[in-house]
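Below: final-v2.txt (compact mmCIF, C-alpha atoms and all ligand atoms)
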```txt
# COMPACT_ATOMS: atom_id res chain seq x y z
CA MET A 1 -65.01 75.90 -1.46
CA VAL A 2 -61.25 75.92 -0.99
CA LEU A 3 -61.31 79.49 -2.21
CA PHE A 4 -63.79 80.60 0.43
CA PHE A 5 -61.83 78.86 3.13
CA VAL A 6 -58.63 80.66 2.24
CA VAL A 7 -60.37 84.04 2.19
CA TRP A 8 -62.04 83.38 5.52
CA VAL A 9 -58.83 82.32 7.22
CA ALA A 10 -57.08 85.39 5.85
CA ALA A 11 -59.83 87.71 7.09
CA VAL A 12 -59.66 86.25 10.57
CA ALA A 13 -55.86 86.34 10.54
CA SER A 14 -55.85 90.04 9.79
CA GLY A 15 -57.83 90.67 12.92
CA GLY A 16 -61.12 92.30 11.97
CA ALA A 17 -59.28 94.85 9.86
CA ARG A 18 -61.02 98.13 10.43
CA GLY A 19 -59.41 101.52 10.66
CA GLN A 20 -60.51 105.09 11.13
CA GLY A 21 -62.75 105.68 8.14
CA THR A 22 -61.94 102.49 6.24
CA ARG A 23 -63.66 99.12 6.30
CA VAL A 24 -63.42 95.82 4.47
CA GLY A 25 -65.91 95.73 1.59
CA PHE A 26 -66.43 99.50 1.30
CA TYR A 27 -67.28 99.07 -2.40
CA SER A 28 -69.44 95.95 -2.06
CA ARG A 29 -72.58 97.84 -3.10
CA THR A 30 -71.19 100.82 -5.04
CA CYS A 31 -68.70 98.88 -7.16
CA PRO A 32 -68.95 95.16 -6.44
CA ARG A 33 -66.30 94.21 -9.01
CA ALA A 34 -63.73 96.73 -7.76
CA GLU A 35 -61.46 94.23 -6.04
CA ALA A 36 -61.74 91.68 -8.86
CA ILE A 37 -60.81 94.33 -11.44
CA VAL A 38 -57.70 95.42 -9.52
CA ARG A 39 -56.71 91.80 -9.03
CA SER A 40 -56.98 90.90 -12.71
CA VAL A 41 -55.00 93.97 -13.78
CA VAL A 42 -52.20 93.12 -11.31
CA GLN A 43 -52.21 89.53 -12.49
CA SER A 44 -51.97 90.38 -16.17
CA HIS A 45 -49.18 92.94 -15.69
CA PHE A 46 -47.30 90.55 -13.40
CA SER A 47 -47.38 87.79 -15.99
CA SER A 48 -45.49 89.99 -18.47
CA ASP A 49 -43.28 91.78 -15.90
CA PRO A 50 -42.91 90.20 -12.44
CA SER A 51 -40.93 93.24 -11.20
CA ILE A 52 -44.20 95.17 -10.88
CA ALA A 53 -44.96 93.19 -7.69
CA PRO A 54 -42.12 94.64 -5.60
CA GLY A 55 -42.65 97.93 -7.43
CA ILE A 56 -46.27 98.33 -6.34
CA LEU A 57 -45.68 97.07 -2.82
CA ARG A 58 -42.98 99.69 -2.29
CA MET A 59 -45.13 102.39 -3.92
CA HIS A 60 -47.92 101.85 -1.39
CA PHE A 61 -45.40 102.20 1.47
CA HIS A 62 -44.00 105.40 -0.02
CA ASP A 63 -47.55 106.70 -0.46
CA CYS A 64 -48.58 106.02 3.14
CA PHE A 65 -45.50 107.60 4.75
CA VAL A 66 -46.01 110.95 3.01
CA HIS A 67 -49.36 112.72 3.64
CA GLY A 68 -50.92 109.36 4.52
CA CYS A 69 -52.24 106.74 2.10
CA ASP A 70 -53.86 109.26 -0.26
CA ALA A 71 -52.26 108.47 -3.64
CA SER A 72 -50.10 111.61 -3.40
CA ILE A 73 -47.28 109.47 -4.80
CA LEU A 74 -49.19 109.11 -8.09
CA LEU A 75 -49.56 112.79 -8.94
CA ASP A 76 -47.50 114.13 -11.83
CA GLY A 77 -45.82 117.52 -11.66
CA PRO A 78 -42.39 119.15 -11.71
CA THR A 79 -42.05 119.04 -7.90
CA SER A 80 -44.44 116.23 -6.97
CA GLU A 81 -43.41 113.40 -4.62
CA LYS A 82 -42.46 111.05 -7.41
CA THR A 83 -39.60 113.40 -8.39
CA ALA A 84 -37.89 113.00 -4.97
CA PRO A 85 -34.72 110.82 -5.03
CA PRO A 86 -36.16 107.86 -3.04
CA ASN A 87 -39.13 107.69 -5.42
CA ARG A 88 -37.34 107.90 -8.76
CA GLN A 89 -36.97 104.14 -9.10
CA LEU A 90 -40.58 103.29 -8.23
CA ARG A 91 -42.20 100.96 -10.72
CA GLY A 92 -45.76 100.01 -11.58
CA PHE A 93 -47.48 103.36 -12.14
CA ASP A 94 -49.01 101.97 -15.36
CA VAL A 95 -50.67 99.15 -13.39
CA VAL A 96 -52.56 101.67 -11.25
CA ASP A 97 -53.48 103.72 -14.32
CA ASP A 98 -54.82 100.62 -16.09
CA ALA A 99 -56.90 99.57 -13.11
CA LYS A 100 -58.25 103.12 -12.80
CA ALA A 101 -59.24 103.22 -16.47
CA GLN A 102 -61.18 99.96 -16.12
CA LEU A 103 -62.82 101.09 -12.87
CA GLU A 104 -63.92 104.38 -14.42
CA VAL A 105 -65.77 102.35 -17.04
CA ALA A 106 -67.31 99.94 -14.52
CA CYS A 107 -68.25 102.52 -11.86
CA PRO A 108 -67.25 106.09 -12.69
CA GLY A 109 -66.07 108.33 -9.87
CA VAL A 110 -66.34 105.71 -7.16
CA VAL A 111 -63.03 103.97 -6.44
CA SER A 112 -60.13 106.09 -5.17
CA CYS A 113 -56.59 105.81 -6.48
CA ALA A 114 -55.39 105.36 -2.90
CA ASP A 115 -57.60 102.27 -2.55
CA ILE A 116 -56.46 100.91 -5.91
CA LEU A 117 -52.87 101.14 -4.65
CA ALA A 118 -53.66 99.46 -1.31
CA LEU A 119 -55.51 96.61 -3.06
CA ALA A 120 -52.84 96.25 -5.73
CA ALA A 121 -50.14 96.01 -3.03
CA ARG A 122 -52.01 93.12 -1.37
CA ASP A 123 -52.57 91.42 -4.74
CA SER A 124 -48.91 91.91 -5.68
CA VAL A 125 -47.85 89.98 -2.61
CA ALA A 126 -50.44 87.27 -3.25
CA VAL A 127 -49.46 86.82 -6.89
CA VAL A 128 -45.75 86.31 -6.21
CA ASN A 129 -46.21 82.93 -4.58
CA SER A 130 -49.37 81.70 -6.23
CA PHE A 131 -48.63 82.55 -9.82
CA ALA A 132 -45.95 79.95 -10.37
CA LEU A 133 -48.18 77.26 -8.92
CA ARG A 134 -51.61 78.17 -10.25
CA PRO A 135 -51.50 80.99 -12.80
CA HIS A 136 -55.29 81.20 -13.06
CA VAL A 137 -56.09 81.52 -9.39
CA LEU A 138 -54.83 84.68 -7.80
CA LEU A 139 -55.02 83.65 -4.19
CA SER A 140 -52.06 83.06 -2.00
CA THR A 141 -51.71 79.39 -1.24
CA ASN A 142 -48.63 79.67 0.95
CA GLY A 143 -47.80 83.32 1.28
CA PRO A 144 -49.46 86.24 3.04
CA PHE A 145 -52.98 87.32 2.11
CA TRP A 146 -55.14 89.78 4.02
CA SER A 147 -58.40 91.66 3.73
CA VAL A 148 -57.84 95.30 2.78
CA PRO A 149 -60.09 97.88 4.45
CA THR A 150 -61.08 100.45 1.81
CA GLY A 151 -62.75 103.87 1.71
CA ARG A 152 -59.66 106.07 1.36
CA ARG A 153 -60.03 109.33 -0.53
CA ASP A 154 -57.37 110.90 -2.73
CA GLY A 155 -55.29 113.88 -1.65
CA ARG A 156 -54.62 117.04 -3.61
CA VAL A 157 -51.10 117.82 -2.32
CA SER A 158 -47.87 116.19 -3.44
CA LEU A 159 -44.49 117.76 -2.69
CA ALA A 160 -41.06 116.23 -3.25
CA SER A 161 -39.77 118.03 -0.15
CA ASP A 162 -42.14 115.99 2.05
CA ALA A 163 -40.44 112.74 1.00
CA ALA A 164 -37.86 113.35 3.75
CA ASN A 165 -40.28 111.46 6.05
CA LEU A 166 -39.33 108.25 4.28
CA PRO A 167 -36.87 105.91 5.98
CA ALA A 168 -33.52 105.92 4.17
CA PHE A 169 -31.15 103.08 3.21
CA ASN A 170 -28.62 104.24 5.83
CA ASP A 171 -30.98 105.11 8.72
CA SER A 172 -30.07 103.77 12.15
CA VAL A 173 -32.59 101.64 14.04
CA ALA A 174 -33.37 104.62 16.29
CA VAL A 175 -34.19 106.80 13.29
CA GLN A 176 -36.23 104.05 11.60
CA ILE A 177 -38.22 103.53 14.81
CA ARG A 178 -38.81 107.28 15.16
CA LYS A 179 -40.07 107.56 11.58
CA TYR A 180 -42.46 104.65 12.13
CA ASP A 181 -43.58 106.01 15.48
CA GLU A 182 -44.53 109.30 13.80
CA LYS A 183 -46.96 107.23 11.71
CA GLY A 184 -48.38 105.31 14.67
CA LEU A 185 -46.38 102.19 13.85
CA ASN A 186 -44.15 100.35 16.31
CA ALA A 187 -40.89 98.39 16.23
CA GLN A 188 -42.72 95.15 15.49
CA ASP A 189 -44.41 96.77 12.48
CA LEU A 190 -40.96 97.94 11.37
CA VAL A 191 -39.48 94.45 11.52
CA ALA A 192 -42.56 92.82 9.97
CA LEU A 193 -42.85 95.33 7.11
CA SER A 194 -39.12 95.30 6.35
CA GLY A 195 -39.79 91.65 5.44
CA ALA A 196 -41.11 93.11 2.17
CA HIS A 197 -37.45 93.04 1.15
CA THR A 198 -37.90 89.30 0.62
CA ILE A 199 -38.71 90.33 -2.97
CA GLY A 200 -37.37 93.02 -5.26
CA THR A 201 -34.05 94.63 -5.93
CA ALA A 202 -31.83 97.48 -4.75
CA ALA A 203 -29.50 99.66 -6.83
CA CYS A 204 -25.75 99.13 -6.26
CA GLN A 205 -25.29 102.83 -5.45
CA LEU A 206 -27.37 102.38 -2.27
CA PHE A 207 -25.12 99.78 -0.65
CA ARG A 208 -21.78 99.79 -2.53
CA TYR A 209 -20.16 101.85 0.23
CA ARG A 210 -20.46 98.71 2.37
CA LEU A 211 -18.26 96.74 -0.06
CA TYR A 212 -15.28 99.00 -0.81
CA GLY A 213 -13.22 101.26 1.42
CA PHE A 214 -15.57 100.88 4.37
CA PRO A 215 -14.16 103.09 7.18
CA GLY A 216 -12.03 101.18 9.70
CA ALA A 217 -12.36 97.76 8.02
CA ALA A 218 -9.12 96.04 6.92
CA SER A 219 -11.05 93.95 4.36
CA GLY A 220 -12.63 97.10 2.98
CA ALA A 221 -16.10 95.69 3.61
CA ASP A 222 -18.63 96.38 6.35
CA PRO A 223 -17.69 93.77 9.00
CA SER A 224 -21.36 93.07 9.69
CA LEU A 225 -21.56 91.45 6.23
CA ASP A 226 -20.91 87.71 5.95
CA ALA A 227 -17.32 87.38 4.61
CA ALA A 228 -18.50 84.82 2.06
CA PHE A 229 -21.25 87.14 0.84
CA VAL A 230 -18.91 90.09 0.17
CA PRO A 231 -17.29 88.63 -3.00
CA GLN A 232 -20.75 87.76 -4.36
CA LEU A 233 -21.95 91.32 -3.90
CA ARG A 234 -18.69 92.73 -5.27
CA ALA A 235 -19.13 90.63 -8.42
CA LEU A 236 -22.64 92.02 -8.84
CA CYS A 237 -21.60 95.60 -8.03
CA PRO A 238 -18.04 96.32 -9.25
CA GLN A 239 -16.37 99.32 -7.60
CA ASN A 240 -16.53 101.49 -10.71
CA GLY A 241 -19.51 99.79 -12.33
CA ASP A 242 -22.96 101.14 -13.01
CA GLY A 243 -24.47 102.33 -9.75
CA ALA A 244 -27.96 101.96 -11.16
CA ARG A 245 -27.52 98.21 -11.64
CA ARG A 246 -30.04 96.31 -9.51
CA VAL A 247 -29.37 93.35 -7.23
CA ALA A 248 -31.90 91.02 -5.57
CA MET A 249 -32.27 91.84 -1.86
CA ASP A 250 -33.14 88.25 -0.87
CA THR A 251 -30.30 86.31 -2.42
CA GLY A 252 -31.73 82.95 -1.37
CA SER A 253 -35.24 83.22 -2.84
CA PRO A 254 -35.66 86.58 -4.61
CA ASN A 255 -38.94 85.56 -6.25
CA ARG A 256 -40.73 84.11 -3.26
CA PHE A 257 -42.56 86.00 -0.57
CA ASP A 258 -41.18 84.08 2.39
CA ALA A 259 -39.47 84.59 5.77
CA ASN A 260 -36.02 84.01 4.28
CA TYR A 261 -35.28 87.72 4.75
CA TYR A 262 -34.95 87.18 8.50
CA GLY A 263 -32.51 84.30 8.01
CA ASN A 264 -30.47 86.61 5.79
CA LEU A 265 -30.28 89.21 8.55
CA ARG A 266 -29.01 86.60 10.99
CA SER A 267 -26.32 85.37 8.60
CA GLY A 268 -24.99 88.81 7.60
CA ARG A 269 -26.71 88.74 4.23
CA GLY A 270 -28.88 91.78 4.57
CA VAL A 271 -28.03 93.89 1.51
CA LEU A 272 -29.07 97.33 2.76
CA GLU A 273 -27.54 98.84 5.87
CA SER A 274 -31.08 99.67 7.09
CA ASP A 275 -31.80 95.92 7.03
CA ALA A 276 -28.48 94.78 8.54
CA VAL A 277 -28.86 97.07 11.56
CA LEU A 278 -32.12 95.31 12.51
CA TRP A 279 -29.90 92.39 13.53
CA ALA A 280 -27.10 94.49 15.03
CA ASP A 281 -29.51 96.29 17.38
CA ALA A 282 -30.40 94.17 20.42
CA GLY A 283 -34.03 95.32 20.52
CA THR A 284 -34.95 94.65 16.91
CA ARG A 285 -32.76 91.51 16.90
CA GLY A 286 -35.16 90.01 19.46
CA LEU A 287 -38.03 90.62 17.05
CA VAL A 288 -36.10 89.14 14.13
CA GLN A 289 -35.44 86.07 16.27
CA ARG A 290 -39.15 85.77 16.98
CA PHE A 291 -39.84 85.81 13.23
CA LEU A 292 -37.19 83.11 12.90
CA GLY A 293 -39.08 80.97 15.42
CA ILE A 294 -36.14 80.60 17.80
CA ARG A 295 -37.04 78.10 20.50
CA GLY A 296 -38.02 79.66 23.80
CA LEU A 297 -39.24 82.95 22.27
CA ALA A 298 -42.85 83.88 21.54
CA GLY A 299 -42.97 83.13 17.83
CA LEU A 300 -44.21 85.58 15.21
CA THR A 301 -45.57 84.14 11.94
CA PHE A 302 -44.40 86.30 9.06
CA GLY A 303 -47.40 85.55 6.84
CA VAL A 304 -49.84 86.67 9.52
CA GLU A 305 -47.90 89.61 10.96
CA PHE A 306 -47.03 91.06 7.58
CA GLY A 307 -50.72 91.33 6.67
CA ARG A 308 -51.58 92.78 10.07
CA SER A 309 -48.90 95.47 9.81
CA MET A 310 -49.87 96.22 6.19
CA VAL A 311 -53.42 96.92 7.36
CA LYS A 312 -52.04 99.27 10.04
CA MET A 313 -49.77 101.02 7.56
CA GLY A 314 -52.66 101.24 5.08
CA ASN A 315 -54.66 103.23 7.64
CA VAL A 316 -52.00 105.88 8.25
CA GLU A 317 -53.50 109.40 8.01
CA VAL A 318 -56.29 108.18 5.72
CA LYS A 319 -58.65 110.81 4.30
CA SER A 320 -62.31 109.87 4.47
CA GLY A 321 -65.77 111.43 4.48
CA ALA A 322 -65.65 114.90 2.94
CA ALA A 323 -61.84 115.15 2.89
CA GLY A 324 -60.03 114.76 -0.42
CA GLU A 325 -61.69 113.56 -3.61
CA ILE A 326 -62.08 110.55 -5.90
CA ARG A 327 -59.70 111.30 -8.74
CA THR A 328 -60.75 110.58 -12.31
CA LEU A 329 -57.13 110.15 -13.37
CA CYS A 330 -54.61 108.93 -10.81
CA THR A 331 -51.89 111.20 -12.16
CA ALA A 332 -53.79 114.50 -11.73
CA VAL A 333 -56.15 116.17 -9.27
CA ASN A 334 -59.69 116.70 -10.62
C1 LIG B 401 -37.02 101.15 7.32
C2 LIG B 401 -37.74 101.05 6.30
C3 LIG B 401 -37.27 100.87 4.88
C4 LIG B 401 -36.16 101.31 4.23
C5 LIG B 401 -35.02 102.13 4.80
C6 LIG B 401 -36.26 100.83 2.87
C7 LIG B 401 -35.33 101.08 1.89
C8 LIG B 401 -35.35 100.54 0.62
C9 LIG B 401 -34.37 100.78 -0.40
C10 LIG B 401 -33.15 101.70 -0.23
C11 LIG B 401 -34.70 100.05 -1.48
C12 LIG B 401 -33.96 99.98 -2.81
C13 LIG B 401 -34.50 101.06 -3.71
C14 LIG B 401 -33.77 101.24 -5.00
O1 LIG B 401 -32.73 100.63 -5.27
O2 LIG B 401 -34.23 102.06 -5.81
C15 LIG B 401 -35.93 99.36 -1.16
C16 LIG B 401 -36.59 98.53 -2.01
C17 LIG B 401 -37.81 97.95 -1.72
N1 LIG B 401 -38.57 98.19 -0.59
FE1 LIG B 401 -37.96 99.08 1.09
N2 LIG B 401 -37.41 100.13 2.72
C18 LIG B 401 -38.07 100.13 3.92
C19 LIG B 401 -39.30 99.59 4.19
C20 LIG B 401 -40.10 98.99 3.25
C21 LIG B 401 -41.48 98.67 3.44
C22 LIG B 401 -42.29 98.96 4.68
C23 LIG B 401 -41.91 98.08 2.29
C24 LIG B 401 -43.26 97.57 1.95
C25 LIG B 401 -44.15 97.16 2.81
C26 LIG B 401 -40.78 98.04 1.40
C27 LIG B 401 -40.77 97.46 0.16
C28 LIG B 401 -39.71 97.47 -0.71
C29 LIG B 401 -39.70 96.69 -1.93
C30 LIG B 401 -40.73 95.72 -2.38
C31 LIG B 401 -38.50 97.02 -2.59
C32 LIG B 401 -38.02 96.52 -3.94
C33 LIG B 401 -38.47 97.50 -5.00
C34 LIG B 401 -38.21 97.04 -6.42
O3 LIG B 401 -37.68 95.96 -6.65
O4 LIG B 401 -38.58 97.81 -7.34
N3 LIG B 401 -39.70 98.62 2.00
N4 LIG B 401 -36.30 99.68 0.11
C1 LIG B 402 -27.09 108.72 4.24
O1 LIG B 402 -26.72 108.93 2.89
C2 LIG B 402 -27.03 110.23 2.41
C3 LIG B 402 -26.80 110.27 0.92
O2 LIG B 402 -25.61 109.62 0.55
C4 LIG B 402 -26.21 111.24 3.19
O3 LIG B 402 -26.49 112.56 2.74
C5 LIG B 402 -26.56 111.13 4.67
O4 LIG B 402 -25.75 111.98 5.45
C6 LIG B 402 -26.38 109.70 5.17
N1 LIG B 402 -26.95 109.57 6.50
C7 LIG B 402 -26.33 108.93 7.48
C8 LIG B 402 -27.09 108.83 8.76
O5 LIG B 402 -25.24 108.44 7.35
```
Let me see whether you can do it: turn the structure in this file into structure tokens.
Ligand code: HEM
Ligand SMILES: *[C@@H]1O[C@H](CO)[C@@H](O)[C@H](O)[C@H]1NC(C)=O
Amino acid sequence: MVLFFVVWVAAVASGGARGQGTRVGFYSRTCPRAEAIVRSVVQSHFSSDPSIAPGILRMHFHDCFVHGCDASILLDGPTSEKTAPPNRQLRGFDVVDDAKAQLEVACPGVVSCADILALAARDSVAVVNSFALRPHVLLSTNGPFWSVPTGRRDGRVSLASDAANLPAFNDSVAVQIRKYDEKGLNAQDLVALSGAHTIGTAACQLFRYRLYGFPGAASGADPSLDAAFVPQLRALCPQNGDGARRVAMDTGSPNRFDANYYGNLRSGRGVLESDAVLWADAGTRGLVQRFLGIRGLAGLTFGVEFGRSMVKMGNVEVKSGAAGEIRTLCTAVN
């Protein structure tokens, strides 16, 4: 009963959730257990390695921004997308492969790799907050949960050179907004989706320039960083230390999917420059303040808006109908 209630509320919260060519429950007759299979695979991988949750969430984003959400990120090959620098640290490919293997047994040739990734991204978010509380029930009790429209088909093209569409760690707000706009997403989607950085980690090499020898700063550190936060980050990322070392992006609650990210931006504790500038820019700052629930502003509820923007992002340039194919193996075209 409680279970049904949560699902219903989530479905309503995500606003009907229907995109061009996708719909909630696409597999309800052709592969009724599809969503349950993906969910159980995510849950079992998460219980042995919680870092797959941020890994998969980011992978879905990187899929959607390059050739649309068509699983192009999953294809192997000497010059495929996954070889591009922003994709080299992606984690969780084995989760998708596992889910695909089980789905090919349950309903061969039916469920696309692109849909597996979209469902696994939703389940990854749900599992972060619910697992600690109720390991056997993979439903978000106090974090975002949304219905995922499905029906995507898998693409056949994957080129590292196309990964330039992806927003970069040092992009200005104007560039970030332009890259989102090219995908039919707006500034509110940008601020909502950047909230994904409430979990996961970033490599020192992507933000260390903000800590040492920052141009024009007497302290050596980017002045938009909280002065008390700088020594903490310096301890985690020594000047000549390993640039590949990873640091939690949400210092306050790295393992909870919560709105703490926005509080970090306000207090100068955004780790990446691309996050920090969302507070520095007057336009996006107004949106951050709405996520913070500042009195007098029209509030935005992170848990609801995140799911809504994920559904929008999940519909970017989706292939449906006769386009694309249903891959047998997620790592190779048929
Ligand atoms: C302006 C947009 C964005 C930029 C510039 C950006 C940039 C980055 C960078 C530089 C990292 C660290 C990567 C590394 O150290 O290897 C990262 C991590 C991450 N990003 Fe984003 N990101 C953006 C938007 C998003 C969106 C839309 C999502 C998902 C909805 C997302 C989810 C994540 C997650 C979960 C991680 C942690 C990955 C892990 O721990 O393995 N990001 N992002
Ligand atoms: C961002 O960093 C990359 C790699 O270090 C560099 O090539 C690029 O010029 C930088 N972009 C901006 C806008 O500073």
Rounded to one decimal in Å, what is the spacing between CA of Leu300 in chain A and CA of Ser267 in chain A? 19.1 Å
List all protein, DNA and RNA residues that have any atom at most 12 Å from ligand LIG 402 (chain B), counting all atoms listed in the file, and write the list as a list in words.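 Checking all atoms listed in the file against ligand LIG 402 (chain B) at 12 Å gives Pro85, Pro86, Ala164, Pro167, Ala168, Phe169, Asn170, Asp171, Ser172, Val173, Ala174, Val175, Gln176, Gln205, Leu206, Phe207, Arg208, Tyr209, Arg210, Leu272, Glu273 and Ser274 of chain A.
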Enumerate residues in contact with ligand LIG 401 (chain B): an atom-to-atom distance of at most 6 Å, counting only C-alpha atoms and all ligand atoms. Format the result as a list in words.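 I would give the residues around ligand LIG 401 (chain B) as Pro54, Gly55, Leu57, Arg58, Phe61, Gln89, Leu90, Arg91, Pro167, Ala168, Phe169, Gln176, Leu193, Ser194, Ala196, His197, Ile199, Gly200, Thr201, Ala202, Ala203 and Ser274 of chain A.
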Between CA of Phe257 in chain A and CA of Pro144 in chain A, what is the distance in Å, rounded to a tenth?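 Straight-line distance from CA of Phe257 in chain A to CA of Pro144 in chain A works out to 7.8 Å.
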Measuring atom to atom with all atoms listed in the file, identify which of A:Val125, A:Ala101, A:Val110, A:Val318 is nearest to Tyr27 in chain A.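 Distance minimum relative to Tyr27 in chain A lands on A:Val110.
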Cys64 in chain A environment, 8 Å, all atoms listed in the file, sequence neighbours closer than 4 positions dropped, as a list of chain:residue names: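 Surrounding residues, per the criterion: A:His60, A:Gly68, A:Cys69, A:Asp70, A:Met313, A:Gly314, A:Val316, A:Glu317.
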Quick one: of A:Val41, A:Ser51, A:Leu185, A:Ala280, who's nearest to Ala248 in chain A, counting all atoms listed in the file? A:Ser51
Using only C-alpha atoms - which residues lie no farther than 7 Å from the point (-36.8, 88.3, 0.7) in the file's frame? Write them as a PyMOL selection string. chain A and resi 195-199+249-250+253-254+256-261
Quick one: of A:Trp279, A:Trp146, A:Tyr262, A:Phe214, who's nearest to Gly303 in chain A, counting only C-alpha atoms? A:Trp146
Extending 8 Å beyond the listed atoms of range 313-318 of chain A on each side, what axis-aligned box results? I want centre and edge lengths in Å to one decimal, as AutoDock Vina command-line options.
```
--center_x -53.0 --center_y 105.2 --center_z 6.7 --size_x 22.5 --size_y 24.4 --size_z 19.2
```
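Of the residues under consideration (A:Glu325, A:Asp275, A:Asp189, A:Glu305), A:Glu305 shows the shortest atom-to-atom contact distance to Phe145 in chain A when counting only C-alpha atoms.
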What does the distance between CA of Met59 in chain A and CA of Leu166 in chain A come to in Å, to one decimal place? 11.6 Å
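Residue nearest Arg33 in chain A within the list A:Ala244, A:Ala160, A:Ala99, A:Met310: A:Ala99 [criterion: smallest interatomic distance, only C-alpha atoms].
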So which residues touch Gly286 in chain A within 12 Å, counting all atoms listed in the file, skipping near sequence neighbours fewer than 4 positions away, as a PyMOL selection string? chain A and resi 187-188+191+262+265-266+278-282+290-294+296-300
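Comparing the minimum interatomic distances between Asp98 in chain A and each of A:Pro215, A:His45, A:Asn315, A:Val148, counting all atoms listed in the file, we find that A:His45 sits nearest.
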Hey, what's within 8 Å of Ala120 in chain A if we count only C-alpha atoms and toss same-chain stuff fewer than 2 positions away? As a ChimeraX atom specification, please? /A:38-39,42,56-57,96,116-118,122-124
Excluding Asn334 in chain A and any residue of its chain fewer than 4 positions from it, enumerate the residues within 9 Å of it, using all atoms listed in the file, and give them as a PyMOL selection string. chain A and resi 156+325-329
Export range 57-101 of chain A, C-alpha atoms, as a CSV table (one decimal), in the first residue's frame; it's the structure right above.
```csv
chain,number,residue,atom,x,y,z
A,57,LEU,CA,23.9,8.9,-13.2
A,58,ARG,CA,26.7,10.7,-14.9
A,59,MET,CA,26.9,8.1,-17.7
A,60,HIS,CA,23.3,8.7,-18.7
A,61,PHE,CA,23.9,12.5,-18.9
A,62,HIS,CA,27.0,11.9,-21.0
A,63,ASP,CA,25.0,9.6,-23.2
A,64,CYS,CA,22.1,12.1,-23.7
A,65,PHE,CA,24.3,15.1,-24.6
A,66,VAL,CA,26.1,13.2,-27.5
A,67,HIS,CA,23.8,11.9,-30.3
A,68,GLY,CA,20.9,11.9,-27.9
A,69,CYS,CA,20.0,9.2,-25.3
A,70,ASP,CA,20.9,6.3,-27.6
A,71,ALA,CA,23.5,4.3,-25.6
A,72,SER,CA,26.3,5.6,-27.9
A,73,ILE,CA,28.4,6.0,-24.7
A,74,LEU,CA,28.4,2.2,-24.2
A,75,LEU,CA,29.9,1.2,-27.6
A,76,ASP,CA,33.5,-0.1,-27.5
A,77,GLY,CA,36.0,0.9,-30.1
A,78,PRO,CA,39.3,2.7,-30.6
A,79,THR,CA,37.7,6.0,-31.2
A,80,SER,CA,34.3,5.6,-29.6
A,81,GLU,CA,32.8,8.2,-27.2
A,82,LYS,CA,34.0,6.4,-24.1
A,83,THR,CA,37.6,7.1,-25.2
A,84,ALA,CA,37.1,10.9,-25.0
A,85,PRO,CA,38.8,12.6,-22.0
A,86,PRO,CA,35.6,13.6,-20.2
A,87,ASN,CA,34.4,10.0,-20.4
A,88,ARG,CA,37.5,8.1,-19.3
A,89,GLN,CA,36.5,8.2,-15.6
A,90,LEU,CA,32.9,6.9,-16.2
A,91,ARG,CA,32.0,4.0,-13.9
A,92,GLY,CA,29.3,1.4,-14.0
A,93,PHE,CA,29.5,-0.1,-17.5
A,94,ASP,CA,29.4,-3.6,-15.9
A,95,VAL,CA,26.0,-2.8,-14.3
A,96,VAL,CA,24.4,-2.1,-17.7
A,97,ASP,CA,26.0,-5.2,-19.2
A,98,ASP,CA,24.7,-7.3,-16.3
A,99,ALA,CA,21.2,-5.9,-16.7
A,100,LYS,CA,21.3,-6.5,-20.5
A,101,ALA,CA,22.4,-10.1,-20.0
```
